[in-house]
file start.txt (compact mmCIF, C-alpha atoms)
# COMPACT_ATOMS: atom_id res chain seq x y z
CA MET M 2 291.57 118.52 240.31
CA PHE M 3 289.17 121.13 241.73
CA ALA M 4 291.99 123.21 243.24
CA LYS M 5 290.54 126.43 241.75
CA TRP M 6 287.21 125.83 243.44
CA ILE M 7 288.44 124.50 246.79
CA GLY M 8 291.04 127.11 247.68
CA GLY M 9 289.78 129.35 250.47
CA PHE M 10 286.38 127.66 250.69
CA LEU M 11 286.20 128.39 254.41
CA GLY M 12 284.05 129.71 257.22
CA LEU M 13 280.33 130.07 256.58
CA TRP M 14 280.66 128.66 253.06
CA ALA M 15 282.07 125.34 254.32
CA GLY M 16 279.04 124.67 256.54
CA GLY M 17 275.31 124.45 255.93
CA PRO M 18 273.62 123.07 252.80
CA LEU M 19 276.23 124.52 250.42
CA GLY M 20 279.00 122.92 252.44
CA ALA M 21 277.18 119.58 252.30
CA LEU M 22 276.84 119.82 248.52
CA ALA M 23 280.48 120.86 248.23
CA GLY M 24 281.45 117.79 250.24
CA TYR M 25 279.53 115.62 247.79
CA ALA M 26 280.84 117.35 244.66
CA LEU M 27 284.43 117.91 245.78
CA GLY M 28 284.93 114.99 248.13
CA SER M 29 287.42 114.91 250.99
CA LEU M 30 289.58 117.54 249.28
CA LEU M 31 287.42 120.23 250.88
CA ASP M 32 288.26 118.99 254.38
CA HIS M 33 291.95 118.90 253.48
CA SER M 34 291.75 122.47 252.24
CA VAL M 35 290.22 123.67 255.50
CA ASP M 36 292.74 121.76 257.64
CA GLY M 37 295.65 123.01 255.57
CA ASN M 38 294.93 126.69 256.33
CA SER M 39 295.15 126.49 260.12
CA GLY M 40 298.73 127.82 260.35
CA GLN M 41 298.46 130.86 258.08
CA ASN M 42 299.67 134.34 259.03
CA SER M 43 297.25 137.30 259.03
CA ASP M 44 298.01 138.40 255.43
CA SER M 45 297.53 134.87 254.15
CA LYS M 46 294.29 134.56 256.07
CA ILE M 47 292.97 137.79 254.52
CA HIS M 48 293.86 136.47 251.07
CA THR M 49 292.24 133.15 251.89
CA GLN M 50 289.08 134.88 253.06
CA GLN M 51 288.91 136.85 249.80
CA GLU M 52 289.49 133.68 247.83
CA GLY M 53 286.80 131.99 249.90
CA GLN M 54 284.34 134.77 249.06
CA ARG M 55 285.05 134.38 245.36
CA ASN M 56 284.94 130.59 245.36
CA GLY M 57 281.78 130.65 247.45
CA PHE M 58 280.24 132.77 244.70
CA LEU M 59 281.42 130.37 241.99
CA PHE M 60 280.22 127.25 243.76
CA SER M 61 276.87 128.92 244.55
CA LEU M 62 276.59 129.74 240.85
CA LEU M 63 277.14 126.11 239.86
CA VAL M 64 274.61 124.84 242.40
CA LEU M 65 271.90 127.20 241.17
CA MET M 66 272.88 126.55 237.54
CA ALA M 67 272.29 122.85 238.14
CA HIS M 68 268.79 123.73 239.30
CA ILE M 69 267.92 126.09 236.41
CA ILE M 70 269.35 123.81 233.72
CA GLN M 71 267.02 121.03 234.89
CA ALA M 72 264.01 123.31 235.50
CA ASP M 73 262.34 122.27 232.25
CA GLY M 74 262.89 118.57 232.98
CA LYS M 75 265.83 118.06 230.65
CA VAL M 76 269.48 119.00 230.31
CA MET M 77 269.90 120.74 226.95
CA HIS M 78 273.19 120.45 225.08
CA SER M 79 272.94 124.17 224.21
CA GLU M 80 272.64 125.07 227.90
CA MET M 81 275.65 122.97 228.85
CA GLU M 82 277.66 124.53 226.04
CA ALA M 83 276.60 127.96 227.28
CA VAL M 84 277.81 127.05 230.78
CA ARG M 85 281.16 125.89 229.40
CA ARG M 86 281.55 129.08 227.36
CA LEU M 87 280.69 131.22 230.37
CA LEU M 88 283.16 129.38 232.62
CA ARG M 89 285.90 129.41 229.96
CA LYS M 90 285.45 133.09 229.09
CA SER M 91 285.03 134.33 232.65
CA PHE M 92 287.19 131.95 234.69
CA GLY M 93 289.55 130.07 232.34
CA ALA M 94 289.94 126.66 230.73
CA GLN M 95 290.67 124.82 233.98
CA ALA M 96 287.54 126.25 235.59
CA GLU M 97 285.56 125.14 232.54
CA LYS M 98 286.77 121.55 232.93
CA GLU M 99 286.33 121.42 236.69
CA GLY M 100 283.01 123.27 236.65
CA ASP M 101 281.64 120.81 234.10
CA GLU M 102 282.58 117.89 236.37
CA ILE M 103 281.07 119.57 239.44
CA LEU M 104 277.81 120.14 237.55
CA ARG M 105 277.65 116.48 236.56
CA ARG M 106 278.07 115.45 240.18
CA LEU M 107 275.33 117.86 241.19
CA PHE M 108 273.07 116.31 238.54
CA GLU M 109 273.80 112.92 240.12
CA LYS M 110 272.83 114.28 243.52
CA ARG M 111 269.59 115.64 242.06
CA LYS M 112 268.67 112.15 240.79
CA GLN M 113 269.04 110.77 244.30
CA MET M 114 266.41 113.17 245.70
CA SER M 115 262.71 113.75 245.19
CA SER M 116 261.62 117.04 243.63
CA THR M 117 260.35 118.23 247.01
CA GLU M 118 263.65 117.40 248.72
CA TRP M 119 265.73 119.06 246.00
CA ASN M 120 263.59 122.19 245.88
CA ASP M 121 263.79 122.50 249.66
CA LEU M 122 267.57 122.14 249.42
CA MET M 123 267.71 124.96 246.85
CA ARG M 124 265.68 127.15 249.20
CA GLN M 125 268.11 126.44 252.03
CA CYS M 126 271.11 127.12 249.78
CA CYS M 127 269.65 130.48 248.75
CA GLN M 128 269.05 131.38 252.37
CA GLN M 129 272.68 130.60 253.15
CA ILE M 130 273.83 132.66 250.16
CA ARG M 131 271.63 135.54 251.31
CA SER M 132 273.16 135.43 254.79
CA VAL M 133 276.77 135.79 253.59
CA MET M 134 276.61 137.57 250.21
CA ASP M 135 275.79 141.24 249.63
CA GLU M 136 272.92 142.31 247.39
CA GLU M 137 275.11 143.36 244.45
CA SER M 138 276.79 139.95 244.35
CA ARG M 139 273.41 138.21 244.53
CA LEU M 140 272.24 140.34 241.60
CA GLN M 141 275.26 139.24 239.56
CA LEU M 142 274.59 135.63 240.54
CA LEU M 143 271.03 135.95 239.24
CA ALA M 144 272.31 137.66 236.06
CA PHE M 145 274.47 134.62 235.26
CA LEU M 146 271.49 132.31 235.81
CA CYS M 147 269.37 134.37 233.42
CA GLU M 148 272.11 134.11 230.78
CA ILE M 149 271.95 130.32 231.04
CA ALA M 150 268.16 130.33 230.77
CA LYS M 151 268.46 132.31 227.51
CA ALA M 152 271.23 130.10 226.13
CA ASP M 153 269.13 127.87 223.86
CA GLY M 154 267.26 130.82 222.33
CA HIS M 155 264.04 129.86 224.10
CA ILE M 156 263.15 130.75 227.66
CA ASP M 157 260.97 127.97 229.05
CA PRO M 158 258.14 129.13 231.36
CA ASN M 159 259.36 126.62 233.98
CA GLU M 160 262.76 128.30 233.94
CA VAL M 161 261.19 131.72 234.42
CA GLU M 162 259.10 130.37 237.30
CA GLN M 163 262.16 128.91 238.99
CA LEU M 164 264.17 132.11 238.44
CA HIS M 165 261.41 134.10 240.13
CA LEU M 166 261.39 131.59 242.98
CA LEU M 167 265.18 131.74 243.42
CA ALA M 168 265.12 135.54 243.28
CA GLY M 169 262.68 135.57 246.19
CA TYR M 170 264.78 133.11 248.17
CA LEU M 171 267.81 135.34 247.53
CA GLY M 172 265.98 138.38 248.87
CA LEU M 173 265.56 140.01 245.44
CA GLN M 174 262.44 141.27 243.69
CA ALA M 175 260.90 138.97 241.07
CA ALA M 176 260.84 141.95 238.67
CA VAL M 177 264.65 141.82 238.58
CA VAL M 178 264.41 138.53 236.67
CA ASP M 179 262.32 140.12 233.93
CA GLN M 180 264.78 143.00 233.68
CA LEU M 181 267.76 140.66 233.37
CA LEU M 182 266.06 138.37 230.85
CA ASN M 183 265.49 141.37 228.55
CA LEU M 184 269.06 142.68 228.74
CA GLY M 185 270.73 142.50 225.34
CA GLY M 186 267.42 142.86 223.52
CA THR M 187 267.05 144.99 220.42
CA THR M 188 263.50 146.30 220.68
CA LEU M 189 262.04 149.31 222.44
CA GLU M 190 259.63 147.02 224.30
CA GLU M 191 262.55 145.06 225.73
CA ALA M 192 264.32 148.27 226.68
CA TYR M 193 261.35 149.38 228.79
CA LYS M 194 261.28 145.97 230.47
CA VAL M 195 264.98 146.32 231.31
CA LEU M 196 264.31 149.62 233.08
CA GLY M 197 261.20 148.12 234.69
CA VAL M 198 258.92 150.96 233.60
CA SER M 199 255.88 151.26 231.37
CA PRO M 200 256.07 152.96 227.95
CA ASP M 201 253.50 155.36 229.44
CA ALA M 202 255.91 156.44 232.20
CA THR M 203 256.94 160.08 232.30
CA ASP M 204 260.42 161.17 231.28
CA ASP M 205 261.25 161.85 234.93
CA GLU M 206 260.12 158.34 235.93
CA VAL M 207 262.23 156.78 233.20
CA LYS M 208 265.30 158.81 234.19
CA LYS M 209 264.83 157.93 237.84
CA ALA M 210 264.55 154.22 237.01
CA TYR M 211 267.75 154.32 234.98
CA ARG M 212 269.71 156.18 237.67
CA ARG M 213 268.62 153.63 240.28
CA LEU M 214 269.63 150.66 238.11
CA ALA M 215 272.91 152.27 237.05
CA LEU M 216 273.86 152.61 240.70
CA GLN M 217 272.64 149.12 241.56
CA TYR M 218 274.41 147.38 238.66
CA HIS M 219 277.67 149.34 238.67
CA PRO M 220 280.61 146.90 238.08
CA ASP M 221 282.60 148.29 241.00
CA LYS M 222 279.99 146.77 243.32
CA VAL M 223 281.33 143.26 242.60
CA ALA M 224 285.04 144.11 242.21
CA SER M 225 285.91 142.03 245.30
CA LEU M 226 284.83 138.86 243.47
CA GLY M 227 287.62 139.21 240.90
CA ASP M 228 288.28 140.82 237.53
CA ASP M 229 286.38 138.12 235.64
CA VAL M 230 283.15 138.62 237.58
CA LYS M 231 283.60 142.40 237.28
CA ALA M 232 284.00 142.03 233.50
CA ALA M 233 280.69 140.17 233.33
CA ALA M 234 279.11 142.97 235.36
CA GLU M 235 280.56 145.53 232.95
CA LYS M 236 278.87 143.73 230.04
CA LYS M 237 275.55 143.86 231.88
CA PHE M 238 276.11 147.56 232.65
CA LYS M 239 276.74 148.31 228.95
CA GLU M 240 273.54 146.47 228.00
CA LEU M 241 271.66 148.57 230.53
CA GLY M 242 273.13 151.69 228.90
CA ALA M 243 272.07 150.44 225.45
CA ALA M 244 268.49 149.98 226.68
CA LYS M 245 268.55 153.50 228.09
CA ASP M 246 269.88 154.93 224.81
CA ARG M 247 267.10 153.21 222.85
CA ILE M 248 264.45 154.80 225.05
CA TRP M 249 266.17 158.20 225.07
CA GLU M 250 266.28 158.17 221.24
CA ALA M 251 262.61 157.21 220.96
CA ARG M 252 261.64 160.02 223.34
CA GLY M 253 264.01 162.59 221.89
CA LEU M 254 265.79 163.07 225.20
call {"tool": "encode", "arguments": {"input": "start.txt", "output": "C-alpha cells"}}
result
Amino acid sequence: MFAKWIGGFLGLWAGGPLGALAGYALGSLLDHSVDGNSGQNSDSKIHTQQEGQRNGFLFSLLVLMAHIIQADGKVMHSEMEAVRRLLRKSFGAQAEKEGDEILRRLFEKRKQMSSTEWNDLMRQCCQQIRSVMDEESRLQLLAFLCEIAKADGHIDPNEVEQLHLLAGYLGLQAAVVDQLLNLGGTTLEEAYKVLGVSPDATDDEVKKAYRRLALQYHPDKVASLGDDVKAAAEKKFKELGAAKDRIWEARGL
C-alpha cells in the first residue's frame, strides 16, 4: 500500500510541513523508504530524485486538494468522484485507490485542528512547495485544483477565495486562478478571461497575452513530472488554444 506515493519521497520533500503530513498519512513506511535508499549507486539516486520530484508533486496535490474540497465546509460526493477520475485517468487505478485513502487521512487530520491551525499549515506547505518546485509545475498544480473546484458544476465563492489565497502562497498571481477557472468554457466572455484581457483590448494586446500564456503553459515545461502530468498540461494547452481561436474568429484575425 502507498508504494507509488512513497518511492523517492526524499530530501526537501521528506522534511518540513509536507513531510509531517506525509508521516501522518503514510505512516512509518515513509521512514523505511528513506532508509532503504542509502546504498544506491549514482544512476539509481538520479532516478530516485526524479521519482521524488514527481511524488512530491502528487502528494502536494493531494494536500491542497484536501483543503479546496473542504473550502465550502463540506465534502461533496461529486468532488470526490472528480478526484478519483483525475487520479485514475492521469496516474492509474492503484494511484486512485491509494490517493483516495491518503485524502481520507488528511481529512481526519483536518478535524483534529482548528481552522486557524489548518490554514496556517496550508500556508507553510505552499511555502515549502514554492521553495522546491519551479513556476511551471506550480501552475500545473493550481490547474488541477481549479479542475476540482469546477467538478460539481458550481464554483463556490469560498473555493475561489481559497484558490486565490493558495495562488499567492505559491508565488502566483491571483489572476491566474480566474484564467484557469474559465478554461474549457464555450463563450467569448470566458475566452477573454482565459487570456486575462478585456474585450476592449487591442489586437496587439490580445496577441501578446496569448503568446505569453502559450509559452508559460507549454506542456514541455512539466515533462520532468511524467507523461501523465504532461498529458494534463497538453489538455490545458489545447483549451488555451480554443479560447484564442474563439477570440480570433470574433475579431476576424
call {"tool": "atom_distance", "arguments": {"input": "start.txt", "atom1": "CA of Ala244 (chain M)", "atom2": "CA of Ala176 (chain M)"}}
result
16.3 Å
call {"tool": "atom_distance", "arguments": {"input": "start.txt", "atom1": "CA of Ala251 (chain M)", "atom2": "CA of Leu140 (chain M)"}}
result
28.3 Å
call {"tool": "axis_aligned_box", "arguments": {"input": "start.txt", "around": "region 143-160 of chain M", "padding_each_side": "4 Å", "output": "JSON"}}
result
{"center_x": 266.3, "center_y": 132.1, "center_z": 230.8, "size_x": 24.3, "size_y": 19.0, "size_z": 24.9}
call {"tool": "closest_residue", "arguments": {"input": "start.txt", "among": "M:Pro18, M:Gly100, M:Gly197, M:Pro220", "to": "Asn183 (chain M)", "atoms": "all atoms listed in the file"}}
result
M:Gly197
call {"tool": "closest_residue", "arguments": {"input": "start.txt", "among": "M:Glu82, M:Glu160, M:Glu148, M:Glu99", "to": "Ile69 (chain M)", "atoms": "only C-alpha atoms"}}
result
M:Glu160
call {"tool": "atom_distance", "arguments": {"input": "start.txt", "atom1": "CA of Arg252 (chain M)", "atom2": "CA of Arg212 (chain M)"}}
result
16.9 Å
call {"tool": "closest_residue", "arguments": {"input": "start.txt", "among": "M:Leu216, M:Asp179, M:Leu63, M:Ala152", "to": "His165 (chain M)", "atoms": "all atoms listed in the file"}}
result
M:Asp179
call {"tool": "build_atoms", "arguments": {"input": "start.txt", "residues": "region 131-142 of chain M", "atoms": "all heavy atoms", "output": "compact mmCIF listing (two decimals), in the coordinates of the input"}}
result
# COMPACT_ATOMS: atom_id res chain seq x y z
N ARG M 131 272.15 134.23 250.89
CA ARG M 131 271.63 135.54 251.31
C ARG M 131 272.28 136.01 252.61
O ARG M 131 272.49 137.21 252.80
CB ARG M 131 270.12 135.45 251.47
CG ARG M 131 269.44 136.77 251.80
CD ARG M 131 267.93 136.57 251.86
NE ARG M 131 267.24 137.80 252.23
CZ ARG M 131 265.91 137.91 252.31
NH1 ARG M 131 265.15 136.86 252.01
NH2 ARG M 131 265.36 139.05 252.65
N SER M 132 272.61 135.06 253.49
CA SER M 132 273.16 135.43 254.79
C SER M 132 274.63 135.87 254.72
O SER M 132 275.11 136.54 255.63
CB SER M 132 273.01 134.27 255.77
OG SER M 132 273.90 133.21 255.45
N VAL M 133 275.34 135.49 253.64
CA VAL M 133 276.77 135.79 253.59
C VAL M 133 277.19 136.60 252.36
O VAL M 133 278.36 136.99 252.26
CB VAL M 133 277.61 134.48 253.63
CG1 VAL M 133 277.40 133.75 254.93
CG2 VAL M 133 277.28 133.56 252.45
N MET M 134 276.27 136.88 251.45
CA MET M 134 276.61 137.57 250.21
C MET M 134 275.82 138.87 250.10
O MET M 134 274.62 138.89 250.36
CB MET M 134 276.29 136.66 249.01
CG MET M 134 276.81 137.16 247.67
SD MET M 134 276.33 136.05 246.30
CE MET M 134 277.30 134.59 246.66
N ASP M 135 276.49 139.97 249.73
CA ASP M 135 275.79 141.24 249.63
C ASP M 135 274.84 141.26 248.43
O ASP M 135 274.88 140.39 247.56
CB ASP M 135 276.78 142.41 249.57
CG ASP M 135 277.73 142.35 248.38
OD1 ASP M 135 277.30 141.91 247.29
OD2 ASP M 135 278.90 142.73 248.52
N GLU M 136 273.96 142.26 248.40
CA GLU M 136 272.92 142.31 247.39
C GLU M 136 273.48 142.41 245.98
O GLU M 136 272.98 141.76 245.05
CB GLU M 136 272.00 143.51 247.64
CG GLU M 136 270.85 143.61 246.64
CD GLU M 136 269.93 144.78 246.91
OE1 GLU M 136 270.24 145.58 247.82
OE2 GLU M 136 268.91 144.91 246.20
N GLU M 137 274.54 143.19 245.80
CA GLU M 137 275.11 143.36 244.45
C GLU M 137 275.65 142.03 243.92
O GLU M 137 275.49 141.72 242.73
CB GLU M 137 276.22 144.41 244.49
CG GLU M 137 275.74 145.83 244.74
CD GLU M 137 275.36 146.10 246.17
OE1 GLU M 137 275.81 145.34 247.06
OE2 GLU M 137 274.62 147.07 246.41
N SER M 138 276.27 141.25 244.77
CA SER M 138 276.79 139.95 244.35
C SER M 138 275.66 138.99 244.03
O SER M 138 275.74 138.20 243.09
CB SER M 138 277.68 139.35 245.45
OG SER M 138 278.80 140.17 245.71
N ARG M 139 274.58 139.07 244.81
CA ARG M 139 273.41 138.21 244.53
C ARG M 139 272.76 138.59 243.20
O ARG M 139 272.28 137.73 242.46
CB ARG M 139 272.41 138.31 245.68
CG ARG M 139 272.81 137.51 246.91
CD ARG M 139 271.79 137.63 248.04
NE ARG M 139 272.05 138.81 248.85
CZ ARG M 139 271.13 139.68 249.26
NH1 ARG M 139 269.87 139.52 248.89
NH2 ARG M 139 271.46 140.70 250.02
N LEU M 140 272.76 139.89 242.89
CA LEU M 140 272.24 140.34 241.60
C LEU M 140 273.07 139.78 240.45
O LEU M 140 272.52 139.34 239.43
CB LEU M 140 272.23 141.87 241.54
CG LEU M 140 271.09 142.59 242.25
CD1 LEU M 140 271.37 144.07 242.34
CD2 LEU M 140 269.77 142.34 241.53
N GLN M 141 274.40 139.78 240.61
CA GLN M 141 275.26 139.24 239.56
C GLN M 141 275.08 137.73 239.44
O GLN M 141 275.12 137.18 238.33
CB GLN M 141 276.72 139.58 239.85
CG GLN M 141 277.68 139.16 238.74
CD GLN M 141 277.30 139.75 237.39
OE1 GLN M 141 277.00 140.94 237.28
NE2 GLN M 141 277.30 138.92 236.35
N LEU M 142 274.87 137.07 240.54
CA LEU M 142 274.59 135.63 240.54
C LEU M 142 273.33 135.35 239.72
O LEU M 142 273.32 134.47 238.84
CB LEU M 142 274.41 135.15 241.98
CG LEU M 142 274.38 133.65 242.26
CD1 LEU M 142 275.72 133.00 241.95
CD2 LEU M 142 274.00 133.40 243.71
